[in-house]
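This is model-v9.pdb (PDB, C-alpha atoms, pLDDT in the B column).
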```
ATOM      1  CA  MET A  15       9.809 -16.891   3.818  1.00 50.00           C
ATOM      2  CA  SER A  16       8.928 -13.424   2.658  1.00 67.00           C
ATOM      3  CA  GLU A  17      10.817 -10.427   3.943  1.00 89.00           C
ATOM      4  CA  ASN A  18       7.682  -8.343   3.614  1.00 97.00           C
ATOM      5  CA  VAL A  19       4.890  -7.861   6.107  1.00 98.00           C
ATOM      6  CA  GLY A  20       1.834  -9.957   5.207  1.00 98.00           C
ATOM      7  CA  ILE A  21      -1.702  -8.625   4.694  1.00 98.00           C
ATOM      8  CA  VAL A  22      -4.930 -10.339   5.732  1.00 98.00           C
ATOM      9  CA  ILE A  23      -8.357  -9.211   4.508  1.00 98.00           C
ATOM     10  CA  VAL A  24     -11.394 -10.098   6.615  1.00 98.00           C
ATOM     11  CA  SER A  25     -14.858  -9.256   5.340  1.00 98.00           C
ATOM     12  CA  HIS A  26     -18.360 -10.503   6.120  1.00 97.00           C
ATOM     13  CA  SER A  27     -18.627 -11.221   2.405  1.00 97.00           C
ATOM     14  CA  ALA A  28     -16.434 -13.755   0.619  1.00 96.00           C
ATOM     15  CA  ASP A  29     -16.884 -11.745  -2.571  1.00 96.00           C
ATOM     16  CA  VAL A  30     -15.628  -8.536  -0.944  1.00 97.00           C
ATOM     17  CA  ALA A  31     -12.642 -10.336   0.587  1.00 98.00           C
ATOM     18  CA  ARG A  32     -11.746 -12.116  -2.660  1.00 97.00           C
ATOM     19  CA  GLY A  33     -12.247  -8.951  -4.719  1.00 98.00           C
ATOM     20  CA  THR A  34     -10.092  -6.912  -2.368  1.00 98.00           C
ATOM     21  CA  ALA A  35      -7.355  -9.543  -2.526  1.00 98.00           C
ATOM     22  CA  LEU A  36      -7.508  -9.424  -6.332  1.00 97.00           C
ATOM     23  CA  MET A  37      -7.130  -5.646  -6.270  1.00 96.00           C
ATOM     24  CA  VAL A  38      -4.054  -5.955  -4.064  1.00 97.00           C
ATOM     25  CA  GLU A  39      -2.527  -8.597  -6.337  1.00 96.00           C
ATOM     26  CA  GLN A  40      -3.183  -6.648  -9.505  1.00 94.00           C
ATOM     27  CA  MET A  41      -2.369  -3.155  -8.263  1.00 94.00           C
ATOM     28  CA  VAL A  42       0.553  -3.888  -5.986  1.00 95.00           C
ATOM     29  CA  GLY A  43       1.807  -7.304  -7.006  1.00 92.00           C
ATOM     30  CA  ARG A  44       2.494 -10.669  -5.482  1.00 93.00           C
ATOM     31  CA  GLU A  45       5.513  -9.781  -3.401  1.00 94.00           C
ATOM     32  CA  VAL A  46       3.315  -9.289  -0.342  1.00 97.00           C
ATOM     33  CA  PRO A  47       2.048 -12.452   1.415  1.00 98.00           C
ATOM     34  CA  LEU A  48      -1.720 -12.294   1.263  1.00 98.00           C
ATOM     35  CA  GLY A  49      -4.549 -14.090   3.030  1.00 98.00           C
ATOM     36  CA  TRP A  50      -8.256 -13.431   2.934  1.00 98.00           C
ATOM     37  CA  CYS A  51     -11.481 -14.846   4.301  1.00 97.00           C
ATOM     38  CA  GLY A  52     -15.132 -13.920   4.362  1.00 96.00           C
ATOM     39  CA  GLY A  53     -18.575 -15.384   4.778  1.00 93.00           C
ATOM     40  CA  ASP A  54     -19.796 -18.260   6.891  1.00 87.00           C
ATOM     41  CA  PRO A  55     -19.434 -21.919   5.884  1.00 82.00           C
ATOM     42  CA  GLY A  56     -23.061 -21.997   4.648  1.00 85.00           C
ATOM     43  CA  GLY A  57     -22.331 -19.341   2.043  1.00 85.00           C
ATOM     44  CA  GLY A  58     -23.964 -16.493   3.952  1.00 93.00           C
ATOM     45  CA  LEU A  59     -22.469 -13.366   5.423  1.00 95.00           C
ATOM     46  CA  GLY A  60     -20.232 -13.668   8.432  1.00 95.00           C
ATOM     47  CA  THR A  61     -16.727 -14.108   9.753  1.00 95.00           C
ATOM     48  CA  SER A  62     -15.154 -16.961  11.668  1.00 94.00           C
ATOM     49  CA  VAL A  63     -12.214 -17.133  14.015  1.00 95.00           C
ATOM     50  CA  GLU A  64     -10.980 -20.379  12.423  1.00 95.00           C
ATOM     51  CA  ALA A  65     -11.031 -18.918   8.924  1.00 96.00           C
ATOM     52  CA  ILE A  66      -9.206 -15.800  10.121  1.00 97.00           C
ATOM     53  CA  MET A  67      -6.539 -17.928  11.783  1.00 97.00           C
ATOM     54  CA  ALA A  68      -6.091 -19.881   8.553  1.00 97.00           C
ATOM     55  CA  ALA A  69      -5.777 -16.627   6.588  1.00 98.00           C
ATOM     56  CA  ILE A  70      -3.138 -15.371   9.029  1.00 98.00           C
ATOM     57  CA  GLU A  71      -1.256 -18.636   8.519  1.00 97.00           C
ATOM     58  CA  ARG A  72      -1.330 -18.195   4.721  1.00 97.00           C
ATOM     59  CA  ALA A  73      -0.092 -14.612   4.957  1.00 98.00           C
ATOM     60  CA  TRP A  74       2.399 -15.319   7.716  1.00 97.00           C
ATOM     61  CA  SER A  75       5.672 -13.459   7.632  1.00 97.00           C
ATOM     62  CA  GLU A  76       8.283 -13.232  10.354  1.00 96.00           C
ATOM     63  CA  ARG A  77       8.030  -9.458   9.838  1.00 97.00           C
ATOM     64  CA  GLY A  78       4.395  -9.605  10.961  1.00 98.00           C
ATOM     65  CA  VAL A  79       0.882  -9.493   9.559  1.00 98.00           C
ATOM     66  CA  ALA A  80      -1.517  -6.539   9.225  1.00 98.00           C
ATOM     67  CA  ILE A  81      -5.242  -7.356   9.192  1.00 98.00           C
ATOM     68  CA  LEU A  82      -7.829  -5.202   7.435  1.00 98.00           C
ATOM     69  CA  VAL A  83     -11.431  -5.733   8.525  1.00 97.00           C
ATOM     70  CA  ASP A  84     -14.828  -4.429   7.498  1.00 96.00           C
ATOM     71  CA  LEU A  85     -17.438  -4.272  10.260  1.00 92.00           C
ATOM     72  CA  GLY A  86     -18.089  -5.250  13.890  1.00 88.00           C
ATOM     73  CA  GLY A  87     -17.635  -9.002  14.101  1.00 91.00           C
ATOM     74  CA  ALA A  88     -14.782  -8.970  11.616  1.00 95.00           C
ATOM     75  CA  GLU A  89     -12.809  -6.893  14.099  1.00 95.00           C
ATOM     76  CA  THR A  90     -13.757  -8.777  17.277  1.00 96.00           C
ATOM     77  CA  ASN A  91     -13.212 -12.161  15.618  1.00 96.00           C
ATOM     78  CA  SER A  92      -9.838 -10.982  14.299  1.00 97.00           C
ATOM     79  CA  GLU A  93      -8.831  -9.933  17.796  1.00 97.00           C
ATOM     80  CA  MET A  94      -9.959 -13.330  19.079  1.00 97.00           C
ATOM     81  CA  ALA A  95      -7.959 -15.074  16.343  1.00 97.00           C
ATOM     82  CA  ILE A  96      -4.859 -13.117  17.376  1.00 97.00           C
ATOM     83  CA  GLU A  97      -5.350 -14.172  21.005  1.00 97.00           C
ATOM     84  CA  MET A  98      -5.461 -17.813  19.933  1.00 97.00           C
ATOM     85  CA  LEU A  99      -2.172 -17.638  18.018  1.00 97.00           C
ATOM     86  CA  PRO A 100       0.992 -19.099  19.522  1.00 95.00           C
ATOM     87  CA  GLU A 101       2.382 -16.587  21.969  1.00 94.00           C
ATOM     88  CA  GLU A 102       5.489 -15.812  19.920  1.00 94.00           C
ATOM     89  CA  ARG A 103       3.322 -14.713  16.993  1.00 96.00           C
ATOM     90  CA  ARG A 104       0.714 -12.683  18.875  1.00 96.00           C
ATOM     91  CA  ALA A 105       2.710  -9.475  19.141  1.00 95.00           C
ATOM     92  CA  ARG A 106       3.407  -9.512  15.413  1.00 97.00           C
ATOM     93  CA  VAL A 107      -0.204  -9.311  14.227  1.00 98.00           C
ATOM     94  CA  VAL A 108      -2.212  -6.076  14.273  1.00 98.00           C
ATOM     95  CA  VAL A 109      -5.717  -5.059  13.230  1.00 97.00           C
ATOM     96  CA  CYS A 110      -5.640  -1.782  11.285  1.00 97.00           C
ATOM     97  CA  ASN A 111      -8.213   0.914  11.922  1.00 94.00           C
ATOM     98  CA  ALA A 112      -8.804   1.610   8.224  1.00 95.00           C
ATOM     99  CA  PRO A 113     -11.344   0.995   5.451  1.00 95.00           C
ATOM    100  CA  VAL A 114     -10.898  -2.548   4.185  1.00 96.00           C
ATOM    101  CA  VAL A 115     -10.388  -2.050   0.430  1.00 96.00           C
ATOM    102  CA  GLU A 116      -8.424   1.190   0.460  1.00 95.00           C
ATOM    103  CA  GLY A 117      -6.508   0.147   3.561  1.00 96.00           C
ATOM    104  CA  ALA A 118      -5.495  -3.178   2.024  1.00 97.00           C
ATOM    105  CA  VAL A 119      -4.092  -1.529  -1.127  1.00 96.00           C
ATOM    106  CA  MET A 120      -2.278   1.185   0.846  1.00 96.00           C
ATOM    107  CA  ALA A 121      -0.926  -1.267   3.417  1.00 97.00           C
ATOM    108  CA  ALA A 122       0.277  -3.650   0.697  1.00 97.00           C
ATOM    109  CA  THR A 123       2.001  -0.820  -1.184  1.00 96.00           C
ATOM    110  CA  GLU A 124       3.865   0.084   1.981  1.00 96.00           C
ATOM    111  CA  ALA A 125       4.623  -3.567   2.782  1.00 97.00           C
ATOM    112  CA  ALA A 126       5.995  -4.172  -0.733  1.00 95.00           C
ATOM    113  CA  SER A 127       8.901  -1.849   0.039  1.00 93.00           C
ATOM    114  CA  GLY A 128       9.967  -3.942   3.005  1.00 94.00           C
ATOM    115  CA  ALA A 129       8.498  -1.533   5.560  1.00 96.00           C
ATOM    116  CA  SER A 130       7.989  -2.542   9.194  1.00 97.00           C
ATOM    117  CA  LEU A 131       4.632  -3.708  10.555  1.00 98.00           C
ATOM    118  CA  GLU A 132       4.189  -0.402  12.379  1.00 97.00           C
ATOM    119  CA  ALA A 133       4.881   1.590   9.189  1.00 97.00           C
ATOM    120  CA  VAL A 134       2.392  -0.587   7.284  1.00 97.00           C
ATOM    121  CA  ARG A 135      -0.256  -0.011   9.926  1.00 97.00           C
ATOM    122  CA  GLN A 136       0.371   3.737   9.991  1.00 96.00           C
ATOM    123  CA  THR A 137       0.028   3.969   6.222  1.00 96.00           C
ATOM    124  CA  ALA A 138      -3.324   2.169   6.276  1.00 96.00           C
ATOM    125  CA  GLU A 139      -4.530   4.294   9.171  1.00 95.00           C
ATOM    126  CA  GLU A 140      -3.479   7.546   7.514  1.00 91.00           C
ATOM    127  CA  LEU A 141      -6.657   7.110   5.496  1.00 79.00           C
ATOM    128  CA  THR A 142      -8.900   7.288   8.529  1.00 66.00           C
ATOM    129  CA  PRO A 143     -10.120  10.809   9.281  1.00 60.00           C
ATOM    130  CA  VAL A 144      -9.153  11.873  12.796  1.00 52.00           C
TER     131      VAL A 144
ATOM    132  CA  MET B  16      24.308  16.600  -0.428  1.00 65.00           C
ATOM    133  CA  ASN B  17      23.083  15.746  -3.902  1.00 85.00           C
ATOM    134  CA  LYS B  18      20.008  17.770  -4.838  1.00 92.00           C
ATOM    135  CA  HIS B  19      18.136  17.367  -8.083  1.00 95.00           C
ATOM    136  CA  LYS B  20      14.937  18.586  -9.695  1.00 95.00           C
ATOM    137  CA  ALA B  21      12.909  17.311 -12.614  1.00 95.00           C
ATOM    138  CA  SER B  22       9.500  17.733 -14.174  1.00 94.00           C
ATOM    139  CA  VAL B  23       7.434  15.713 -16.600  1.00 95.00           C
ATOM    140  CA  LEU B  24       4.090  16.062 -18.351  1.00 93.00           C
ATOM    141  CA  MET B  25       1.708  13.313 -17.347  1.00 91.00           C
ATOM    142  CA  ARG B  26      -0.476  12.178 -20.227  1.00 87.00           C
ATOM    143  CA  HIS B  27      -1.952   9.173 -18.494  1.00 81.00           C
ATOM    144  CA  GLU B  28      -5.648   8.935 -19.324  1.00 80.00           C
ATOM    145  CA  VAL B  29      -7.036   9.044 -15.819  1.00 79.00           C
ATOM    146  CA  GLY B  30      -4.280  11.017 -14.130  1.00 80.00           C
ATOM    147  CA  LEU B  31      -2.524  10.049 -10.952  1.00 84.00           C
ATOM    148  CA  HIS B  32      -5.163   7.588  -9.808  1.00 86.00           C
ATOM    149  CA  ALA B  33      -4.820   4.368  -7.880  1.00 88.00           C
ATOM    150  CA  ARG B  34      -2.690   2.199 -10.133  1.00 90.00           C
ATOM    151  CA  PRO B  35      -0.313   4.903 -11.346  1.00 92.00           C
ATOM    152  CA  SER B  36       0.078   6.155  -7.760  1.00 94.00           C
ATOM    153  CA  VAL B  37       0.986   2.692  -6.523  1.00 94.00           C
ATOM    154  CA  LYS B  38       3.581   2.294  -9.284  1.00 94.00           C
ATOM    155  CA  LEU B  39       5.092   5.708  -8.661  1.00 95.00           C
ATOM    156  CA  THR B  40       5.283   5.187  -4.906  1.00 96.00           C
ATOM    157  CA  LYS B  41       6.798   1.714  -5.220  1.00 95.00           C
ATOM    158  CA  LEU B  42       9.456   3.035  -7.572  1.00 96.00           C
ATOM    159  CA  ALA B  43      10.230   6.015  -5.306  1.00 97.00           C
ATOM    160  CA  LYS B  44      10.648   3.675  -2.352  1.00 96.00           C
ATOM    161  CA  ALA B  45      13.314   1.754  -4.229  1.00 95.00           C
ATOM    162  CA  PHE B  46      15.648   4.747  -3.776  1.00 97.00           C
ATOM    163  CA  GLU B  47      17.320   5.987  -0.636  1.00 96.00           C
ATOM    164  CA  SER B  48      17.017   9.667  -1.407  1.00 97.00           C
ATOM    165  CA  ARG B  49      14.286  11.842  -0.026  1.00 97.00           C
ATOM    166  CA  ILE B  50      11.898  12.445  -2.934  1.00 98.00           C
ATOM    167  CA  ASP B  51       9.117  15.028  -3.048  1.00 97.00           C
ATOM    168  CA  LEU B  52       6.408  15.470  -5.622  1.00 97.00           C
ATOM    169  CA  GLY B  53       4.471  18.634  -6.445  1.00 96.00           C
ATOM    170  CA  LEU B  54       2.085  19.973  -9.046  1.00 94.00           C
ATOM    171  CA  SER B  55       3.846  23.313  -9.364  1.00 94.00           C
ATOM    172  CA  PRO B  56       7.554  24.193  -9.452  1.00 93.00           C
ATOM    173  CA  ASP B  57       7.281  25.801  -6.022  1.00 93.00           C
ATOM    174  CA  GLY B  58       5.291  23.067  -4.329  1.00 87.00           C
ATOM    175  CA  PRO B  59       3.490  22.418  -2.081  1.00 93.00           C
ATOM    176  CA  TRP B  60       5.447  19.194  -1.846  1.00 96.00           C
ATOM    177  CA  VAL B  61       4.377  15.767  -0.706  1.00 96.00           C
ATOM    178  CA  ASP B  62       6.517  12.747   0.083  1.00 97.00           C
ATOM    179  CA  ALA B  63       6.632  10.686  -3.124  1.00 97.00           C
ATOM    180  CA  LYS B  64       7.114   7.561  -0.990  1.00 97.00           C
ATOM    181  CA  SER B  65       3.767   8.021   0.766  1.00 95.00           C
ATOM    182  CA  ILE B  66       1.061   6.205  -1.184  1.00 94.00           C
ATOM    183  CA  VAL B  67      -1.678   8.010   0.751  1.00 93.00           C
ATOM    184  CA  LYS B  68      -0.259  11.462   0.004  1.00 93.00           C
ATOM    185  CA  VAL B  69       0.556  10.724  -3.641  1.00 94.00           C
ATOM    186  CA  MET B  70      -2.957   9.422  -4.296  1.00 91.00           C
ATOM    187  CA  ALA B  71      -4.454  12.405  -2.469  1.00 90.00           C
ATOM    188  CA  THR B  72      -2.876  14.830  -4.962  1.00 92.00           C
ATOM    189  CA  ARG B  73      -5.509  13.663  -7.487  1.00 88.00           C
ATOM    190  CA  ALA B  74      -3.364  15.060 -10.278  1.00 90.00           C
ATOM    191  CA  PRO B  75      -5.443  15.051 -13.476  1.00 88.00           C
ATOM    192  CA  LYS B  76      -4.353  14.159 -17.023  1.00 88.00           C
ATOM    193  CA  ASP B  77      -2.020  16.709 -18.616  1.00 90.00           C
ATOM    194  CA  SER B  78      -0.657  17.833 -15.248  1.00 92.00           C
ATOM    195  CA  THR B  79       3.028  18.538 -15.038  1.00 95.00           C
ATOM    196  CA  ILE B  80       4.556  16.603 -12.186  1.00 95.00           C
ATOM    197  CA  TYR B  81       7.509  18.200 -10.430  1.00 97.00           C
ATOM    198  CA  PHE B  82      10.021  16.167  -8.480  1.00 97.00           C
ATOM    199  CA  ARG B  83      12.794  17.204  -6.178  1.00 97.00           C
ATOM    200  CA  ALA B  84      15.140  14.725  -4.612  1.00 97.00           C
ATOM    201  CA  GLU B  85      17.987  14.884  -2.153  1.00 97.00           C
ATOM    202  CA  GLY B  86      20.424  12.082  -1.457  1.00 96.00           C
ATOM    203  CA  ALA B  87      23.123   9.871  -2.891  1.00 95.00           C
ATOM    204  CA  ASP B  88      20.905   8.370  -5.598  1.00 96.00           C
ATOM    205  CA  ALA B  89      18.782  11.477  -6.236  1.00 96.00           C
ATOM    206  CA  LYS B  90      19.730  11.784  -9.903  1.00 96.00           C
ATOM    207  CA  ALA B  91      19.001   8.138 -10.708  1.00 96.00           C
ATOM    208  CA  ALA B  92      15.737   8.308  -8.775  1.00 97.00           C
ATOM    209  CA  LEU B  93      14.441  11.268 -10.755  1.00 97.00           C
ATOM    210  CA  GLU B  94      15.498   9.716 -14.057  1.00 96.00           C
ATOM    211  CA  ALA B  95      13.582   6.556 -13.194  1.00 96.00           C
ATOM    212  CA  LEU B  96      10.478   8.452 -12.051  1.00 97.00           C
ATOM    213  CA  VAL B  97      10.420  10.693 -15.122  1.00 96.00           C
ATOM    214  CA  THR B  98      10.776   7.623 -17.327  1.00 95.00           C
ATOM    215  CA  LEU B  99       7.852   5.961 -15.548  1.00 95.00           C
ATOM    216  CA  VAL B 100       5.537   8.952 -15.922  1.00 94.00           C
ATOM    217  CA  ASP B 101       6.718   9.741 -19.460  1.00 91.00           C
ATOM    218  CA  GLY B 102       6.195   6.094 -20.436  1.00 90.00           C
ATOM    219  CA  ASP B 103       2.578   6.350 -19.295  1.00 86.00           C
ATOM    220  CA  PHE B 104       3.230   4.115 -16.286  1.00 88.00           C
ATOM    221  CA  GLN B 105       4.313   1.295 -18.570  1.00 78.00           C
ATOM    222  CA  ASP B 106       0.975  -0.251 -19.361  1.00 56.00           C
ATOM    223  CA  GLY B 107      -1.475   2.612 -19.685  1.00 43.00           C
ATOM    224  CA  ARG B 108      -3.986   0.891 -17.445  1.00 42.00           C
TER     225      ARG B 108
END
```
What do you get writing this file as structure tokens?
Amino acid sequence: MSENVGIVIVSHSADVARGTALMVEQMVGREVPLGWCGGDPGGGLGTSVEAIMAAIERAWSERGVAILVDLGGAETNSEMAIEMLPEERRARVVVCNAPVVEGAVMAATEAASGASLEAVRQTAEELTPV
Amino acid sequence: MNKHKASVLMRHEVGLHARPSVKLTKLAKAFESRIDLGLSPDGPWVDAKSIVKVMATRAPKDSTIYFRAEGADAKAALEALVTLVDGDFQDGR
């Protein structure tokens, strides 16, 4: 079990999600549990609640999981995936209000130091103009 | 309290961009001391442990990076950070 907060990347595009995950791995390292998903099963654009839940499972950490999303459905489906988690996990998963690529790298950098879920979220959201 | 200052010329090709910023921030976070980074000896200062703020400095190649640190491991922290910057962030990427 990792002592670091996990990061999940949810994009409508599998390529964007995979590419973002690669950036996190190469720029920050592998000490942060990472999950990603994107696209629909037919190879088109889309997001799915099941795939997001599986990504959360891969990135799971007892310290919590921060999700970075791209547009519209990625956010609503992520929120739905959180609602479907076992109750004891629900409060430890958050969706960050941040751009997906930049937010994922920033959040992972923060998470790599052992920061709390709230600190990870705040770092990602620092990027968002107020 | 232990206060220290240091400065180092950054020769990294692209300056303090994404990868160097991540490395610097991760290293800074490994120390307990408060560590600030500036582009002039009098600041303004930003928290060297904040990836967002470090990246936002957009320090170009040939900038001199100034550090100030306060805390029990301040001296060791600045030595490590100067070594990182002076060593071109280890891999030059």
Quiz item: Would you list which chain B residues are within 12 Å of chain A using only C-alpha atoms, as JSON, numbers by chain?
Solution: {"B": [32, 33, 34, 35, 36, 37, 38, 39, 40, 41, 42, 43, 44, 45, 46, 47, 64, 65, 66, 67, 68, 69, 70, 71, 106, 108]}
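Take atom CA of A:Glu71 and atom CA of A:Gly20: the distance between them is 9.8 Å.
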Self-check item: Non-local contacts of stretch 84-89 of chain B (8 Å; only C-alpha atoms; under 6 positions in same chain excluded) as a PyMOL selection string
Solution: chain B and resi 16-20+46-51
Self-check item: Test item: the PyMOL selection byres ((chain A and resi 72-84) around 8) resolved as a ChimeraX atom specification
Solution: /A:15-26,47-49,68-71,85-86,88-89,92,103,106-114,117-118,121,130-131,134-135
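Relative to atom CA of A:Leu99, atom CA of A:Thr34 is found at 24.4 Å.
Take atom CA of B:Arg73 and atom CA of B:Gly30: the distance between them is 7.3 Å.
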Around all of stretch 77-81 of chain B's listed atoms, make the axis-aligned box with 6 Å on each side and tell me centre and edge lengths in Å to one decimal, as JSON.
```
{"center_x": 2.7, "center_y": 17.6, "center_z": -14.5, "size_x": 21.5, "size_y": 13.9, "size_z": 20.2}
```
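If only C-alpha atoms are the atoms counted, then among B:Gly53, B:Leu99, B:Tyr81, B:Ala91 the closest residue to B:Ala21 is B:Tyr81.
You can rank B:Pro75, B:Trp60, B:Phe82, B:Thr98 by their closest distance to B:Glu28 using all atoms listed in the file, and at the top of that list sits B:Pro75.
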Exercise. Might you pull out every residue within 8 Å of B:Met25, with all atoms listed in the file counted and same-chain residues fewer than 4 positions away left off, and present them as a PyMOL selection string?
Key: chain B and resi 30+76-80+100-101+103
Hey, could you patch up stretch 75-84 of chain B with all heavy atoms and hand it over as a compact mmCIF listing (two decimals), keeping the file's coordinate frame?
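New file result-v7.txt:
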```txt
# COMPACT_ATOMS: atom_id res chain seq x y z
N PRO B 75 -4.73 15.47 -12.27
CA PRO B 75 -5.44 15.05 -13.48
C PRO B 75 -4.51 14.88 -14.68
O PRO B 75 -3.35 15.29 -14.64
CB PRO B 75 -6.43 16.18 -13.72
CG PRO B 75 -5.77 17.39 -13.15
CD PRO B 75 -4.88 16.91 -12.02
N LYS B 76 -5.07 14.29 -15.76
CA LYS B 76 -4.35 14.16 -17.02
C LYS B 76 -3.82 15.52 -17.46
O LYS B 76 -4.45 16.54 -17.23
CB LYS B 76 -5.33 13.61 -18.07
CG LYS B 76 -4.75 13.41 -19.45
CD LYS B 76 -5.84 12.85 -20.37
CE LYS B 76 -5.28 12.41 -21.70
NZ LYS B 76 -4.88 13.51 -22.58
N ASP B 77 -2.67 15.50 -18.11
CA ASP B 77 -2.02 16.71 -18.62
C ASP B 77 -1.46 17.61 -17.51
O ASP B 77 -1.16 18.78 -17.75
CB ASP B 77 -2.94 17.52 -19.54
CG ASP B 77 -3.29 16.74 -20.81
OD1 ASP B 77 -2.44 15.94 -21.25
OD2 ASP B 77 -4.40 16.91 -21.33
N SER B 78 -1.36 17.09 -16.30
CA SER B 78 -0.66 17.83 -15.25
C SER B 78 0.84 17.69 -15.50
O SER B 78 1.30 16.68 -16.01
CB SER B 78 -0.91 17.24 -13.85
OG SER B 78 -2.25 17.11 -13.58
N THR B 79 1.58 18.71 -15.09
CA THR B 79 3.03 18.54 -15.04
C THR B 79 3.39 18.15 -13.61
O THR B 79 2.96 18.79 -12.65
CB THR B 79 3.76 19.83 -15.44
OG1 THR B 79 3.40 20.14 -16.79
CG2 THR B 79 5.26 19.64 -15.36
N ILE B 80 4.13 17.08 -13.50
CA ILE B 80 4.56 16.60 -12.19
C ILE B 80 5.98 17.10 -11.93
O ILE B 80 6.85 16.94 -12.79
CB ILE B 80 4.57 15.05 -12.14
CG1 ILE B 80 3.24 14.47 -12.61
CG2 ILE B 80 4.96 14.56 -10.77
CD1 ILE B 80 2.23 14.28 -11.55
N TYR B 81 6.18 17.72 -10.80
CA TYR B 81 7.51 18.20 -10.43
C TYR B 81 8.08 17.30 -9.35
O TYR B 81 7.37 16.90 -8.41
CB TYR B 81 7.44 19.64 -9.92
CG TYR B 81 6.98 20.60 -10.99
CD1 TYR B 81 5.63 20.78 -11.26
CD2 TYR B 81 7.91 21.29 -11.76
CE1 TYR B 81 5.19 21.62 -12.27
CE2 TYR B 81 7.49 22.15 -12.78
CZ TYR B 81 6.14 22.30 -13.03
OH TYR B 81 5.72 23.13 -14.03
N PHE B 82 9.34 16.97 -9.50
CA PHE B 82 10.02 16.17 -8.48
C PHE B 82 11.21 16.94 -7.96
O PHE B 82 11.86 17.68 -8.70
CB PHE B 82 10.56 14.86 -9.08
CG PHE B 82 9.49 13.89 -9.52
CD1 PHE B 82 9.24 13.68 -10.88
CD2 PHE B 82 8.75 13.19 -8.59
CE1 PHE B 82 8.27 12.78 -11.29
CE2 PHE B 82 7.78 12.28 -9.00
CZ PHE B 82 7.53 12.08 -10.34
N ARG B 83 11.50 16.76 -6.70
CA ARG B 83 12.79 17.20 -6.18
C ARG B 83 13.30 16.09 -5.27
O ARG B 83 12.52 15.42 -4.58
CB ARG B 83 12.70 18.54 -5.45
CG ARG B 83 11.81 18.50 -4.22
CD ARG B 83 11.84 19.82 -3.49
NE ARG B 83 11.21 19.63 -2.18
CZ ARG B 83 10.97 20.60 -1.32
NH1 ARG B 83 11.27 21.86 -1.62
NH2 ARG B 83 10.41 20.35 -0.15
N ALA B 84 14.58 15.84 -5.36
CA ALA B 84 15.14 14.72 -4.61
C ALA B 84 16.46 15.14 -4.00
O ALA B 84 17.19 15.98 -4.54
CB ALA B 84 15.35 13.52 -5.52
```
